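my_file.cif follows (mmCIF, C-alpha atoms):
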data_structure
loop_
_atom_site.label_atom_id
_atom_site.label_comp_id
_atom_site.auth_asym_id
_atom_site.auth_seq_id
_atom_site.Cartn_x
_atom_site.Cartn_y
_atom_site.Cartn_z
CA LEU H 1487 -54.07 22.56 -17.51
CA HIS H 1488 -55.80 19.37 -18.55
CA HIS H 1489 -57.37 20.50 -21.79
CA ASP H 1490 -54.86 18.44 -23.85
CA CYS H 1491 -55.52 15.39 -21.71
CA LEU H 1492 -59.29 15.62 -22.16
CA VAL H 1493 -59.21 15.97 -25.93
CA SER H 1494 -56.69 13.16 -26.23
CA VAL H 1495 -58.62 10.66 -24.16
CA TRP H 1496 -61.85 11.76 -25.84
CA ARG H 1497 -60.37 10.77 -29.20
CA SER H 1498 -58.61 7.67 -27.82
CA PRO H 1499 -60.19 6.84 -24.45
CA GLN H 1500 -57.40 5.67 -22.22
CA THR H 1501 -56.41 6.84 -18.79
CA CYS H 1502 -54.28 9.99 -18.65
CA LEU H 1503 -51.15 8.64 -17.01
CA GLU H 1504 -47.87 10.28 -17.76
CA THR H 1505 -47.91 12.32 -20.95
CA THR H 1506 -50.33 14.81 -22.38
CA HIS H 1507 -51.48 12.25 -24.96
CA PRO H 1508 -51.50 8.81 -23.28
CA GLU H 1509 -51.52 6.88 -26.56
CA CYS H 1510 -48.42 8.77 -27.70
CA SER H 1511 -46.17 6.86 -25.31
CA ILE H 1512 -47.22 3.68 -27.13
CA VAL H 1513 -46.79 5.18 -30.59
CA LEU H 1514 -43.37 6.64 -29.81
CA HIS H 1515 -42.25 3.36 -28.23
CA LEU H 1516 -43.28 1.43 -31.35
CA LEU H 1517 -41.57 3.96 -33.62
CA GLU H 1518 -38.36 3.54 -31.62
CA LYS H 1519 -38.56 -0.26 -31.84
CA GLU H 1520 -39.34 -0.06 -35.56
CA GLY H 1521 -36.20 2.01 -36.09
CA GLU H 1522 -34.12 -0.55 -34.22
CA CYS H 1523 -35.68 -3.36 -36.25
CA LYS H 1524 -34.95 -1.61 -39.57
CA LEU H 1525 -31.35 -1.19 -38.51
CA GLN H 1526 -31.22 -4.89 -37.74
CA MET H 1527 -32.76 -5.61 -41.17
CA ARG H 1528 -30.01 -3.64 -42.93
CA ASN H 1529 -27.30 -5.40 -40.95
CA THR H 1530 -28.81 -8.81 -41.72
CA LYS H 1531 -29.13 -7.96 -45.42
CA ALA H 1532 -25.51 -6.82 -45.58
CA LEU H 1533 -24.43 -10.03 -43.85
CA SER H 1534 -26.43 -12.20 -46.28
CA LEU H 1535 -24.79 -10.45 -49.26
CA SER H 1536 -21.33 -11.06 -47.85
CA THR H 1537 -22.09 -14.74 -47.16
CA PRO H 1538 -24.08 -16.05 -50.16
CA ASN H 1539 -24.15 -19.61 -48.84
CA ASN H 1540 -26.16 -18.70 -45.74
CA THR H 1541 -29.03 -21.03 -44.86
CA THR H 1542 -31.33 -18.47 -43.33
CA GLY H 1543 -34.91 -19.19 -44.24
CA CYS H 1544 -36.68 -16.09 -42.89
CA LEU H 1545 -35.33 -12.57 -42.77
CA VAL H 1546 -35.80 -10.02 -40.00
CA GLU H 1547 -39.38 -8.74 -40.06
CA TRP H 1548 -41.24 -5.92 -38.33
CA ASP H 1549 -44.93 -6.78 -37.88
CA GLY H 1550 -45.97 -3.41 -36.49
CA VAL H 1551 -45.45 -4.36 -32.84
CA SER H 1552 -42.52 -6.77 -32.52
CA CYS H 1553 -39.28 -7.35 -34.38
CA TRP H 1554 -38.81 -10.97 -35.46
CA PRO H 1555 -35.14 -11.91 -35.90
CA ALA H 1556 -33.81 -13.99 -38.77
CA ALA H 1557 -34.51 -17.72 -38.39
CA LEU H 1558 -33.79 -21.03 -40.12
CA ASN H 1559 -36.41 -23.04 -41.97
CA GLY H 1560 -38.49 -25.04 -39.51
CA GLU H 1561 -37.43 -22.92 -36.56
CA SER H 1562 -40.07 -21.47 -34.20
CA LEU H 1563 -39.63 -18.21 -32.31
CA SER H 1564 -41.74 -16.70 -29.55
CA VAL H 1565 -42.11 -13.16 -28.25
CA SER H 1566 -44.15 -11.84 -25.36
CA CYS H 1567 -46.58 -8.95 -25.45
CA PRO H 1568 -44.71 -5.61 -25.10
CA LEU H 1569 -44.97 -4.33 -21.55
CA ILE H 1570 -46.27 -0.99 -22.74
CA LEU H 1571 -49.30 -2.74 -24.25
CA LEU H 1572 -49.84 -5.19 -21.40
CA LYS H 1573 -52.69 -4.37 -19.06
CA PRO H 1574 -52.05 -4.59 -15.30
CA ASP H 1575 -52.52 -8.08 -13.85
CA SER H 1576 -52.66 -9.61 -17.32
CA PRO H 1577 -51.44 -13.22 -17.44
CA PRO H 1578 -48.25 -13.69 -19.48
CA ALA H 1579 -48.87 -14.89 -23.02
CA LEU H 1580 -46.40 -15.79 -25.75
CA ILE H 1581 -46.86 -15.20 -29.47
CA THR H 1582 -45.23 -17.86 -31.64
CA ARG H 1583 -44.35 -17.84 -35.35
CA ASN H 1584 -42.79 -20.57 -37.48
CA CYS H 1585 -40.24 -20.07 -40.22
CA THR H 1586 -41.46 -21.96 -43.29
CA PRO H 1587 -40.11 -22.13 -46.84
CA GLU H 1588 -42.84 -19.63 -47.78
CA GLY H 1589 -41.72 -17.23 -45.02
CA TRP H 1590 -43.01 -16.41 -41.58
CA SER H 1591 -46.28 -18.04 -40.56
CA LYS H 1592 -49.17 -16.14 -38.99
CA PRO H 1593 -48.87 -15.45 -35.24
CA SER H 1594 -50.28 -18.13 -32.95
CA LEU H 1595 -52.15 -15.41 -31.03
CA PRO H 1596 -53.21 -11.97 -32.21
CA TYR H 1597 -51.81 -9.15 -30.11
CA TYR H 1598 -55.19 -8.03 -28.81
CA LYS H 1599 -55.66 -11.47 -27.24
CA ALA H 1600 -52.12 -11.78 -25.95
CA CYS H 1601 -52.08 -8.29 -24.43
CA TYR H 1602 -55.68 -7.92 -23.26
CA PHE H 1603 -57.40 -10.59 -21.21
CA GLU H 1604 -60.76 -8.79 -20.91
CA ASP H 1605 -63.73 -9.77 -23.00
CA SER H 1606 -63.82 -7.70 -26.17
CA SER H 1607 -67.50 -6.83 -25.77
CA GLU H 1608 -66.90 -5.50 -22.24
CA GLU H 1609 -63.89 -3.56 -23.47
CA GLU H 1610 -65.86 -2.04 -26.32
CA GLU H 1611 -68.65 -1.08 -23.92
CA GLU H 1612 -66.15 0.54 -21.56
CA THR H 1613 -64.54 2.40 -24.46
CA GLY H 1614 -67.95 3.64 -25.60
CA ASP H 1615 -68.78 4.86 -22.09
CA LYS H 1616 -65.48 6.75 -21.91
CA GLN H 1617 -66.03 8.30 -25.32
CA ASN H 1618 -69.50 9.46 -24.30
CA TYR H 1619 -68.20 10.85 -21.01
CA PHE H 1620 -65.35 12.83 -22.55
CA ALA H 1621 -67.53 13.98 -25.44
CA THR H 1622 -70.03 15.29 -22.88
CA VAL H 1623 -67.28 17.07 -20.94
CA LYS H 1624 -66.02 18.64 -24.16
CA ILE H 1625 -69.51 19.91 -25.03
CA ILE H 1626 -69.95 21.34 -21.52
CA TYR H 1627 -66.63 23.21 -21.46
CA THR H 1628 -67.25 24.49 -25.00
CA VAL H 1629 -70.60 25.90 -23.87
CA GLY H 1630 -68.94 27.27 -20.73
CA TYR H 1631 -66.20 29.10 -22.59
CA GLY H 1632 -68.72 30.40 -25.14
CA LEU H 1633 -70.99 31.75 -22.39
CA SER H 1634 -67.99 33.25 -20.59
CA LEU H 1635 -66.77 34.98 -23.76
CA ALA H 1636 -70.19 36.50 -24.48
CA SER H 1637 -70.73 37.73 -20.90
CA LEU H 1638 -67.18 39.12 -20.61
CA PHE H 1639 -67.48 41.04 -23.89
CA ILE H 1640 -70.75 42.57 -22.65
CA ALA H 1641 -69.19 43.40 -19.27
CA ILE H 1642 -66.25 45.18 -20.90
CA LEU H 1643 -68.67 47.08 -23.16
CA VAL H 1644 -70.69 48.19 -20.11
CA PHE H 1645 -67.61 49.53 -18.33
CA CYS H 1646 -66.47 51.32 -21.49
CA ILE H 1647 -69.88 52.95 -22.05
CA PHE H 1648 -70.30 54.15 -18.46
CA ARG H 1649 -67.02 55.98 -18.04
CA LYS H 1650 -67.95 57.05 -14.50
CA LEU H 1651 -67.37 53.47 -13.38
CA LEU H 1652 -63.73 53.45 -14.46
CA CYS H 1653 -61.26 53.52 -11.57
CA ILE H 1654 -58.27 51.49 -10.41
CA ARG H 1655 -60.51 48.67 -9.19
CA THR H 1656 -62.55 48.41 -12.39
CA SER H 1657 -59.39 48.74 -14.50
CA ILE H 1658 -58.02 45.66 -12.76
CA HIS H 1659 -61.36 43.92 -13.38
CA LEU H 1660 -61.14 44.81 -17.09
CA ASN H 1661 -57.66 43.32 -17.35
CA LEU H 1662 -58.87 40.17 -15.63
CA PHE H 1663 -61.85 40.00 -18.00
CA SER H 1664 -59.42 40.31 -20.92
CA THR H 1665 -57.37 37.35 -19.70
CA PHE H 1666 -60.49 35.21 -19.41
CA ILE H 1667 -61.41 36.18 -22.97
CA LEU H 1668 -57.91 35.34 -24.21
CA ARG H 1669 -57.96 32.03 -22.36
CA GLY H 1670 -61.29 31.04 -23.91
CA LEU H 1671 -60.13 32.05 -27.39
CA ALA H 1672 -56.88 30.13 -26.87
CA VAL H 1673 -58.85 26.96 -26.09
CA PHE H 1674 -60.87 27.28 -29.30
CA VAL H 1675 -57.76 28.07 -31.34
CA LYS H 1676 -55.96 25.08 -29.88
CA ASP H 1677 -58.90 22.80 -30.63
CA ALA H 1678 -59.02 24.07 -34.21
CA VAL H 1679 -55.28 23.67 -34.81
CA LEU H 1680 -54.51 20.44 -32.97
CA PHE H 1681 -57.70 18.41 -32.91
CA ALA H 1682 -59.92 19.45 -35.81
CA ASP H 1683 -58.48 16.74 -38.09
CA GLU H 1684 -59.33 13.33 -36.62
CA SER H 1685 -56.89 11.58 -38.97
CA MET H 1686 -53.91 13.65 -37.84
CA ASP H 1687 -51.15 11.80 -36.01
CA HIS H 1688 -50.88 13.97 -32.91
CA CYS H 1689 -48.01 11.94 -31.54
CA THR H 1690 -45.54 12.81 -34.30
CA VAL H 1691 -46.88 16.09 -35.71
CA SER H 1692 -44.55 19.02 -35.05
CA THR H 1693 -45.44 22.19 -36.95
CA VAL H 1694 -44.85 25.86 -36.27
CA THR H 1695 -48.61 26.41 -36.21
CA CYS H 1696 -49.32 23.86 -33.48
CA LYS H 1697 -46.35 25.07 -31.41
CA ALA H 1698 -47.58 28.66 -31.73
CA ALA H 1699 -51.08 27.59 -30.65
CA VAL H 1700 -49.73 25.81 -27.57
CA THR H 1701 -47.44 28.75 -26.72
CA PHE H 1702 -50.34 31.21 -27.03
CA PHE H 1703 -52.49 28.95 -24.84
CA GLN H 1704 -49.82 28.74 -22.13
CA TYR H 1705 -49.35 32.51 -22.16
CA CYS H 1706 -53.10 33.11 -21.76
CA VAL H 1707 -53.26 30.64 -18.86
CA LEU H 1708 -50.31 32.33 -17.14
CA ALA H 1709 -51.77 35.80 -17.65
CA ASN H 1710 -55.13 34.66 -16.26
CA PHE H 1711 -53.56 33.23 -13.09
CA PHE H 1712 -51.43 36.32 -12.51
CA TRP H 1713 -54.34 38.73 -12.92
CA LEU H 1714 -56.25 36.60 -10.42
CA LEU H 1715 -53.24 37.15 -8.16
CA VAL H 1716 -53.37 40.91 -8.83
CA GLU H 1717 -57.04 40.97 -7.79
CA GLY H 1718 -56.11 39.36 -4.49
CA LEU H 1719 -53.14 41.63 -3.87
CA TYR H 1720 -55.16 44.76 -4.62
CA LEU H 1721 -57.99 43.78 -2.26
CA GLN H 1722 -55.42 42.94 0.40
CA THR H 1723 -53.89 46.40 -0.12
CA LEU H 1724 -57.25 48.13 0.26
CA LEU H 1725 -57.99 46.35 3.53
CA VAL H 1726 -54.56 46.71 5.12
CA PHE H 1727 -53.07 49.99 3.86
CA THR H 1728 -54.60 53.46 3.72
CA PHE H 1729 -52.17 55.32 1.45
CA ALA H 1730 -53.62 56.81 -1.71
CA GLN H 1731 -50.85 56.25 -4.28
CA LYS H 1732 -52.97 53.73 -6.15
CA ARG H 1733 -51.94 54.87 -9.64
CA LYS H 1734 -48.37 53.73 -9.07
CA LEU H 1735 -49.70 50.47 -7.70
CA PHE H 1736 -51.71 49.93 -10.88
CA TRP H 1737 -48.59 50.08 -13.02
CA LEU H 1738 -46.88 47.67 -10.64
CA TYR H 1739 -49.84 45.33 -10.90
CA SER H 1740 -49.81 45.62 -14.69
CA GLY H 1741 -46.17 44.54 -14.68
CA ILE H 1742 -47.08 41.53 -12.55
CA GLY H 1743 -50.15 40.61 -14.60
CA TRP H 1744 -48.72 40.97 -18.10
CA GLY H 1745 -44.95 41.19 -17.62
CA THR H 1746 -44.36 38.05 -15.58
CA PRO H 1747 -46.22 35.75 -18.02
CA SER H 1748 -44.39 37.36 -20.97
CA VAL H 1749 -40.95 36.79 -19.44
CA THR H 1750 -41.88 33.24 -18.42
CA ILE H 1751 -43.15 32.32 -21.87
CA ILE H 1752 -40.13 33.83 -23.62
CA ILE H 1753 -37.75 31.79 -21.43
CA TRP H 1754 -39.84 28.63 -21.90
CA THR H 1755 -40.04 29.10 -25.69
CA LEU H 1756 -36.29 29.62 -26.06
CA LEU H 1757 -35.46 26.57 -23.95
CA LYS H 1758 -38.06 24.39 -25.71
CA SER H 1759 -36.73 25.33 -29.13
CA GLN H 1760 -33.17 24.54 -28.08
CA PHE H 1761 -33.48 21.45 -25.86
CA ASP H 1762 -36.94 19.89 -26.30
CA ASN H 1763 -38.14 20.81 -29.77
CA GLU H 1764 -40.39 17.77 -30.22
CA GLY H 1765 -44.07 17.43 -30.98
CA CYS H 1766 -46.31 20.41 -30.35
CA TRP H 1767 -44.66 21.37 -27.04
CA ASP H 1768 -47.58 20.02 -25.04
CA ASN H 1769 -45.79 17.23 -23.19
CA LEU H 1770 -46.45 17.61 -19.46
CA ASP H 1771 -43.66 15.12 -18.67
CA SER H 1772 -40.96 17.46 -19.92
CA ALA H 1773 -38.75 18.96 -17.22
CA LEU H 1774 -39.24 22.35 -18.90
CA TRP H 1775 -42.93 22.17 -18.00
CA TRP H 1776 -41.92 23.33 -14.50
CA ILE H 1777 -40.94 26.71 -15.96
CA ILE H 1778 -44.66 27.31 -16.51
CA LYS H 1779 -46.07 25.24 -13.66
CA THR H 1780 -43.93 26.81 -10.90
CA PRO H 1781 -45.20 30.41 -11.40
CA ILE H 1782 -48.78 29.10 -11.60
CA LEU H 1783 -48.37 27.18 -8.33
CA LEU H 1784 -46.82 30.23 -6.66
CA SER H 1785 -49.68 32.48 -7.78
CA VAL H 1786 -52.28 29.94 -6.62
CA PHE H 1787 -50.78 29.53 -3.15
CA ILE H 1788 -50.10 33.24 -2.66
CA ASN H 1789 -53.70 33.92 -3.60
CA PHE H 1790 -54.85 31.22 -1.19
CA VAL H 1791 -52.89 32.85 1.65
CA VAL H 1792 -54.36 36.23 0.68
CA PHE H 1793 -57.83 34.67 0.60
CA VAL H 1794 -57.42 33.25 4.12
CA ASN H 1795 -56.05 36.57 5.41
CA ILE H 1796 -58.87 38.59 3.82
CA SER H 1797 -61.42 36.19 5.28
CA ARG H 1798 -59.84 36.78 8.69
CA ILE H 1799 -60.01 40.56 8.23
CA ILE H 1800 -63.65 40.32 7.12
CA ILE H 1801 -64.48 38.33 10.28
CA GLN H 1802 -62.80 40.93 12.49
CA LYS H 1803 -64.45 43.89 10.77
CA THR H 1804 -67.86 42.22 10.76
CA LYS H 1805 -67.67 41.41 14.46
CA ALA H 1806 -66.56 44.97 15.20
CA THR H 1807 -69.72 46.36 13.59
CA ASP H 1808 -71.94 44.12 15.71
CA GLN H 1809 -70.83 44.54 19.31
CA ASN H 1810 -74.16 43.69 20.94
CA GLY H 1811 -74.42 40.34 19.17
CA SER H 1812 -78.11 40.76 18.37
CA GLU H 1813 -77.53 40.38 14.64
CA GLY H 1814 -75.16 37.46 14.78
CA LEU H 1815 -77.00 35.40 12.20
CA GLN H 1816 -77.05 38.25 9.69
CA VAL H 1817 -73.39 38.95 10.37
CA TYR H 1818 -72.36 35.41 9.51
CA ARG H 1819 -74.61 35.39 6.47
CA ARG H 1820 -72.88 38.53 5.18
CA LEU H 1821 -69.53 36.96 6.03
CA ALA H 1822 -70.35 33.76 4.15
CA ARG H 1823 -71.60 35.71 1.15
CA SER H 1824 -68.50 37.93 1.06
CA THR H 1825 -66.19 34.94 1.39
CA LEU H 1826 -67.93 32.93 -1.32
CA LEU H 1827 -67.70 35.89 -3.69
CA LEU H 1828 -63.93 35.85 -3.28
CA ILE H 1829 -63.55 32.20 -4.37
CA PRO H 1830 -64.18 32.64 -8.13
CA LEU H 1831 -62.26 35.93 -8.11
CA PHE H 1832 -59.12 34.42 -6.57
CA GLY H 1833 -59.37 31.00 -8.24
CA VAL H 1834 -59.16 29.29 -4.85
CA HIS H 1835 -60.61 26.06 -6.29
CA TYR H 1836 -57.30 25.43 -8.11
CA VAL H 1837 -55.62 24.74 -4.76
CA VAL H 1838 -57.41 21.38 -4.49
CA PHE H 1839 -55.14 19.60 -7.00
CA ALA H 1840 -52.22 22.03 -7.10
CA LEU H 1841 -49.60 19.77 -5.49
CA LEU H 1842 -50.89 16.42 -6.74
CA PRO H 1843 -49.24 14.70 -9.73
CA GLU H 1844 -50.90 15.21 -13.11
CA HIS H 1845 -52.20 11.62 -13.29
CA VAL H 1846 -53.96 11.66 -9.89
CA GLY H 1847 -57.72 12.18 -9.89
CA VAL H 1848 -58.01 12.78 -13.63
CA GLY H 1849 -61.81 12.61 -13.70
CA ALA H 1850 -62.19 15.04 -10.81
CA ARG H 1851 -59.57 17.35 -12.32
CA LEU H 1852 -61.41 17.45 -15.62
CA SER H 1853 -64.67 18.29 -13.89
CA LEU H 1854 -63.17 20.93 -11.60
CA GLU H 1855 -60.59 22.60 -13.78
CA LEU H 1856 -62.25 22.29 -17.19
CA VAL H 1857 -65.97 22.32 -16.51
CA LEU H 1858 -65.92 24.75 -13.57
CA GLY H 1859 -63.00 26.67 -15.04
CA SER H 1860 -64.83 27.23 -18.32
CA PHE H 1861 -67.69 28.96 -16.47
CA GLN H 1862 -65.35 30.98 -14.23
CA GLY H 1863 -65.30 33.93 -16.65
CA PHE H 1864 -69.10 34.03 -16.70
CA ILE H 1865 -69.25 33.89 -12.88
CA VAL H 1866 -66.71 36.71 -12.53
CA ALA H 1867 -68.56 38.89 -15.08
CA LEU H 1868 -71.85 38.19 -13.30
CA LEU H 1869 -70.58 39.02 -9.82
CA TYR H 1870 -68.40 42.01 -10.60
CA CYS H 1871 -70.39 43.63 -13.38
CA PHE H 1872 -74.00 42.56 -13.83
CA LEU H 1873 -74.74 42.20 -10.09
CA ASN H 1874 -72.60 45.20 -9.12
CA GLY H 1875 -74.71 47.88 -7.44
CA GLU H 1876 -72.83 50.77 -9.06
CA VAL H 1877 -73.28 49.27 -12.52
CA GLN H 1878 -76.97 48.67 -11.93
CA ASN H 1879 -77.45 52.28 -10.74
CA GLU H 1880 -75.76 53.65 -13.85
CA ILE H 1881 -77.90 51.45 -16.08
CA ARG H 1882 -81.06 52.62 -14.28
CA LYS H 1883 -80.05 56.26 -14.74
CA ALA H 1884 -79.39 55.69 -18.41
CA MET H 1885 -82.74 53.94 -18.85
CA LYS H 1886 -84.56 56.76 -17.03
CA GLY H 1887 -82.81 59.31 -19.24
CA CYS H 1888 -83.79 57.42 -22.38
CA ARG H 1889 -87.38 57.07 -21.13
CA SER H 1890 -87.74 60.78 -20.32
CA GLN H 1891 -86.19 61.72 -23.65
CA THR H 1892 -88.61 59.41 -25.46
CA GLU H 1893 -91.58 60.95 -23.61
CA ASN H 1894 -90.42 64.45 -24.54
CA ASN H 1895 -90.06 63.42 -28.18
CA VAL H 1896 -93.57 61.97 -28.16
CA PHE H 1897 -94.94 65.16 -26.58
CA ASN H 1898 -93.15 67.32 -29.14
CA LEU H 1899 -94.49 65.23 -32.02
CA ALA H 1900 -98.02 65.41 -30.59
CA THR H 1901 -97.93 69.23 -30.20
CA GLN H 1902 -95.99 69.98 -33.34
CA ASP H 1903 -99.12 70.87 -35.38
CA TYR H 1904 -100.35 73.30 -32.75
CA VAL H 1905 -96.95 74.96 -32.49
CA ALA H 1906 -96.84 75.30 -36.23
#
Using the file provided, produce a representation of the structure as structure tokens.
Amino acid sequence: LHHDCLVSVWRSPQTCLETTHPECSIVLHLLEKEGECKLQMRNTKALSLSTPNNTTGCLVEWDGVSCWPAALNGESLSVSCPLILLKPDSPPALITRNCTPEGWSKPSLPYYKACYFEDSSEEEEETGDKQNYFATVKIIYTVGYGLSLASLFIAILVFCIFRKLLCIRTSIHLNLFSTFILRGLAVFVKDAVLFADESMDHCTVSTVTCKAAVTFFQYCVLANFFWLLVEGLYLQTLLVFTFAQKRKLFWLYSGIGWGTPSVTIIIWTLLKSQFDNEGCWDNLDSALWWIIKTPILLSVFINFVVFVNISRIIIQKTKATDQNGSEGLQVYRRLARSTLLLIPLFGVHYVVFALLPEHVGVGARLSLELVLGSFQGFIVALLYCFLNGEVQNEIRKAMKGCRSQTENNVFNLATQDYVA
């Protein structure tokens, strides 16, 4: 959920406060003020044409940050630093310009001094540290998604080769693997479309390509969360119910895993195109963002409840198999191992920041949701394919078959002359 935030602050290291791109609030504010200033310029120009004997010495001027109104020769005007640029606890500072016969004079204070009271060297050092931090995080999550993609592709190939392993449970695993693959690909596609060009103005760009990339990314995220939910619901079903109509359940789960994200994204896309068709549709401040966030929150908390309930069932079943209490330590070790295996499968770690606002704990969010989240696909493939006992047995059988066949071929080649 915070991939946009990371890339934005990596390129322009500021704190992620309200919008997806924190510097965009400044850019959009200045664009709005520039439009108002240009309107004032046109009105002043029309007034000067209608009154040729006016004594105005300096016309309205936009300096890139502030709009200076028309003034008489010798008049001095002052403006304060815009609040959006002013750092917290900064002392108030005025910027003064004089109207001279040659036009407006230079500002008495440059904006970086009027708006920022910190030493420039300290600020540059802090900016460099932030750039290094976010660049490191970007490298780590890129490696994480790359490793996850490779391991998930291999896991799917293993399940497809050994057809005996295919069942309702592994079919659900394969769908979950697919969503992790789509999510990783969506991250790389989004990086390539939105952030490959460093000179691009991400605050005002609004193309079909970038909107499609963001829409695809949101769909993949939704599908991933809902297939995590399906994994939890299916395990809950196995532990609680004993009926055998699992094939019908699989189609129900498929509708939840793929259908719910599709319907959600269609509704979100239609509403965005009609009522909030600005930028690349990646503004987390938009009220329409809740169309996507609400289903994600519901899936996370339902999965958390399922996780707690399954942990309770595991405790009861484990205690039931150890009535004499002589193997208590081993029981709790098995319990801890079983519970920990459920965490990456259910995505329980997302509960930590689920209800907090987007701007709270940005650094921890980036580390947990991006760094850990990028390796989640690899962890799931490792636990539910490569370390799976059934998969390992099938691989051993295949290797034994290949070894025996190779030995027979060698024996046949060695005795071929005598047979001839």
query = For this file, the PyMOL selection byres ((chain H and resi 1631) around 8) selects which residues, as a PyMOL selection string?
reply = chain H and resi 1627-1630+1632-1635+1670+1860-1861+1863
Got time to write the residues from that selection, C-alpha atoms, as a PDB file, in the coordinates of the input?
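Result file follows (result_24.pdb):
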ATOM      1  CA  TYR H1627     -66.630  23.210 -21.460  1.00  0.00           C
ATOM      2  CA  THR H1628     -67.250  24.490 -25.000  1.00  0.00           C
ATOM      3  CA  VAL H1629     -70.600  25.900 -23.870  1.00  0.00           C
ATOM      4  CA  GLY H1630     -68.940  27.270 -20.730  1.00  0.00           C
ATOM      5  CA  GLY H1632     -68.720  30.400 -25.140  1.00  0.00           C
ATOM      6  CA  LEU H1633     -70.990  31.750 -22.390  1.00  0.00           C
ATOM      7  CA  SER H1634     -67.990  33.250 -20.590  1.00  0.00           C
ATOM      8  CA  LEU H1635     -66.770  34.980 -23.760  1.00  0.00           C
ATOM      9  CA  GLY H1670     -61.290  31.040 -23.910  1.00  0.00           C
ATOM     10  CA  SER H1860     -64.830  27.230 -18.320  1.00  0.00           C
ATOM     11  CA  PHE H1861     -67.690  28.960 -16.470  1.00  0.00           C
ATOM     12  CA  GLY H1863     -65.300  33.930 -16.650  1.00  0.00           C
TER      13      GLY H1863
END
inquiry  = as number ranges by chain, please: the residues near range 1700-1704 of chain H (cut-off 12 Å, all atoms listed in the file, same-chain neighbours under 6 positions excluded).
reply    = H: 1487-1490, 1665-1680, 1692-1694, 1710-1711, 1747-1748, 1750-1756, 1758-1759, 1765-1770, 1775, 1777-1779, 1781-1782
query = Looking at only C-alpha atoms, which of H:Lys1592, H:His1659, H:Lys1624, H:Lys1599 is the one that sits closest to Leu1715 in chain H?
reply = H:His1659
ask   = What does the distance from CA of Tyr1739 in chain H to CA of Phe1712 in chain H come to in Å, to one decimal?
value =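 Value for the CA of Tyr1739 in chain H-CA of Phe1712 in chain H distance: 9.3 Å.
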query = At what distance in Å, to one decimal, does CA of Ser1797 in chain H lie from CA of Leu1858 in chain H?
reply =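 Those two atoms sit 22.5 Å apart.
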List, as a compact mmCIF listing (two decimals) with C-alpha atoms, in the frame of the given file, every residue that the PyMOL selection byres ((chain H and resi 1550) around 10) selects in the file provided.
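The resulting selection04.txt:
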# COMPACT_ATOMS: atom_id res chain seq x y z
CA LEU H 1516 -43.28 1.43 -31.35
CA LEU H 1517 -41.57 3.96 -33.62
CA LYS H 1519 -38.56 -0.26 -31.84
CA GLU H 1520 -39.34 -0.06 -35.56
CA GLU H 1547 -39.38 -8.74 -40.06
CA TRP H 1548 -41.24 -5.92 -38.33
CA ASP H 1549 -44.93 -6.78 -37.88
CA VAL H 1551 -45.45 -4.36 -32.84
CA SER H 1552 -42.52 -6.77 -32.52
CA CYS H 1553 -39.28 -7.35 -34.38
Distance of CA of Leu1514 in chain H from CA of Cys1585 in chain H, expressed in Å to one decimal place =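 Those two atoms sit 28.8 Å apart.
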To box range 1782-1797 of chain H, take all atoms listed in the file, fit an axis-aligned box, add 3 Å on each side, and give centre and edge lengths in Å to one decimal, as lines of an AutoDock Vina configuration file.
center_x = -54.1
center_y = 32.9
center_z = -3.1
size_x = 20.6
size_y = 17.4
size_z = 23.0
query = Near Trp1590 in chain H, within 10 Å and counting only C-alpha atoms, which residues show up once chain neighbours fewer than 3 positions away are dropped, as a list in words?
reply =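 What passes the distance filter is Gly1543, Cys1544, Leu1545, Val1546, Glu1547, Trp1554, Ala1556, Ala1557, Asn1559, Gly1560, Glu1561, Ser1562, Arg1583, Asn1584, Cys1585, Thr1586, Pro1587 and Pro1593 of chain H.
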query = Between H:Ala1641, H:Glu1764, H:Tyr1598, H:Ala1579, which has the minimum distance to Leu1873 in chain H (counting all atoms listed in the file)?
reply = H:Ala1641
